[in-house]
Each structure stands twice: as structure tokens, then as C-alpha cells.
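The structure under discussion appears below in the form of C-alpha cells.
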Amino acid sequence: AWVSRAGLVAQGMLALDALDEEAFGQVAPALRVVPVTSELWPCVVMTFARHATIFGDPDAEILWLYDGLARRGAVNGPSADDEYLVERCRLRLLLETGELTRVRTQLESGPYPRRRFPTIDAHLQLVTGAEERGRAIAEAAARAPGTPARDRGELLLLHAAAALRCGRVEEARRVLASAHANIQRLGVLSAYVTVPREDVEALLDLQVDPPPAAVMARELMRAGHGKDAAMVVLTPRELEVLRQSARHGSLAAVASALSVSVNTIKKQRVSLYAKLGVNDLQDAVLRARQLGLITT
């Protein structure tokens, strides 16, 4: 049964690589019933996360993932390869749903080093306007010998997209040519769909005769999830005030805990409320929990 299921996972991934949703649909029902305790479950998560990114509904898929994690008892599991794979899928889905602040928080303070998620990190930098940083991350990871071959095409596309946003048109053309060659050699057409749609369109507009596979991928692309999402960035001091406020509540207690005046805490809360888009402490704490800024 394990071998049979592993074969279904491989079929599913190959179908997604080729952007063949019909073929994926033939194996999807059998993959959905793989037990969460199975060693194959993280690979199943990877197939459905990829499908959600390309064709499906990332919002619904992440709920399915959280349900599985709860039953698996591994939300904060050991740093094993399979749990890393699940975390990578979770971050990808969060990115697709526009949960940019939560993605940033997890990259900075999650259980795995940030460098292990270069595609997600470069994508995050790109969609939040940090094009130069995204370009540097994608370029370095694409050249790294340990980068999985499946990721290299996406990283090259992210590098080209960031370069184009920075006005480096010739660099974008050169890297895009490398991306096309990599994607066609490996047959991973889905790489075109994992980069923001507006960037893929801008890149293909650079070419008089883009590869047919890239044109096909562009036609299949959904409107980007979380396109209008904004990332909430708090200073270390604001984050500490928020955490102490969630713990103590009153202005006087927070001021005492941080050894500052009550007026100072008042001013810092005003700044917090503005950044979080709320009007009171209760809503601020709720919003911060939703964003993953605080967990207690």
C-alpha cells in the first residue's frame, strides 16, 4: 500500500508540473485519504499545497493542513525533514492567502533557519516592495549547489522579476532566458505559476516570442491571492509593549513592567493601534494573534 501511495504522490506531482489539472484530479481522491500518521502524509501535503497555489483555493487548503497537523500532533514537531516539508507548505499557503506578517514572523523566529526557505523569502521580499533584497536572495539560492532542481526555475524567475522591477532590463532578460531553459529541461511548467502573475506577464512582455509553455501557464494563472495584502512591521519596542499589554492589560502594569512612564505606554499604544488598524487593546491583541505576532 505504501508503494502504491508513493506512486500516486509521484503521479500527482508530475501532473502538477505539467499543469495538467485533469490528471491530478484522477489521483487526488486517493491522496486525500492517506492517514495523517503515515510517513507519506507530508508529501501528500506538498502535492495539495502545490495544487492550491496553481489551481485551487489556498484559504481552504490551509484549513485542511491545520486540521491534519492537529490530528498528527506535530504543530511544533521535531526538526525532521518531513516536518520541514510541512512547514514549507504552510508558509507557501500563508503567502498565497496574503498572511505576509505571519510569514515574515515565522521566517524570523520559526523553528527552521530562514535560509532554508529561499523561494518563499524571495517571493515575500518581492511582493512587499523589497526588490533588491528579493533579487539577492533569489540569485544566491539559484546558484547554490544544494538547491533542489525543482526550485531553481522558480528562483530564476523571481530573480528576473526583481531585476525588472529594479529597472535592470538586460539582467532580467538574461536571467529569464536561463529560467526558460531550466524549466523546459526539467518539465516543471508550474514554476511559471508560483511567481506573482503581474511579474510573469511583465517578464513575458520582454520577449517577442516567449516559449509556448510560458504562454500556456500565463493563461492558466489565477488572480493572485493576497495581492492587496500589507505587511505589519512593528519595532522591537512596539512588539514588547504589545506582548506586555496582552499579559498585564492596564497601562500602569505595563509601564511598571517596562520601567517607563504611563504616558510613554499611551503613546506607544497609539502607534500600535494605527499599524494594526484597530482602536483598542482587545482588538489589538486579537489582530496580533491573527498575524502571528504574539502567541499567548
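Quick note on naming: the chains in the C-alpha cells go A, B, ... in the order shown, residues restart at 1 in each chain, and ligands are numbered from 1 in order of appearance.
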
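Counting only C-alpha atoms, A:Ser38 has the following residues at most 12 Å away, ignoring those fewer than 3 positions along the same chain: A:Ala1, A:Trp2, A:Arg5, A:Ala6, A:Leu31, A:Val33, A:Val34, A:Pro35, A:Trp41, A:Pro42, A:Cys43, A:Val44, A:Val45, A:Gly68, A:Arg71, A:Arg72, A:Asp82.
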
When DSSP is applied to the backbone of this structure, which of stretch 84-178 of chain A are assigned alpha helix (DSSP H)? Write them out as a ChimeraX atom specification.
/A:84-96,100-109,118-127,131-143,149-165,169-178

Residues of stretch 146-206 of chain A that have any atom at most 12 Å from an atom of stretch 93-103 of chain A: could you tabulate them with the shortest-distance atom pair and the distance in Å to one decimal, using only C-alpha atoms, ordered by chain and increasing number, as a tab-separated table?
```
residue	atom	partner	partner_atom	distance
A:Val193	CA	A:Glu96	CA	11.6
A:Thr194	CA	A:Glu96	CA	9.3
A:Val195	CA	A:Glu96	CA	10.3
A:Pro196	CA	A:Glu96	CA	9.6
A:Arg197	CA	A:Glu96	CA	11.8
```

Name the residues in contact with A:Ala52 at a cut-off of 12 Å, using only C-alpha atoms, excluding same-chain residues fewer than 5 positions from it; report them as an MDAnalysis selection string.
chainID A and resid 16 21 24 45:47 57:65 89:90 92:97 190 193:194 221:222 224:225

Write out, as CSV, each residue of stretch 197-287 of chain A that has an atom at most 10 Å from stretch 162-166 of chain A, together with the closest pair of atoms and their distance in Å to one decimal, counting only C-alpha atoms, rows going by chain and rising number.
```
residue,atom,partner,partner_atom,distance
A:Asp199,CA,A:Arg165,CA,8.5
A:Ala202,CA,A:Leu164,CA,8.3
A:Leu203,CA,A:Leu164,CA,7.6
A:Leu206,CA,A:Leu164,CA,9.6
```
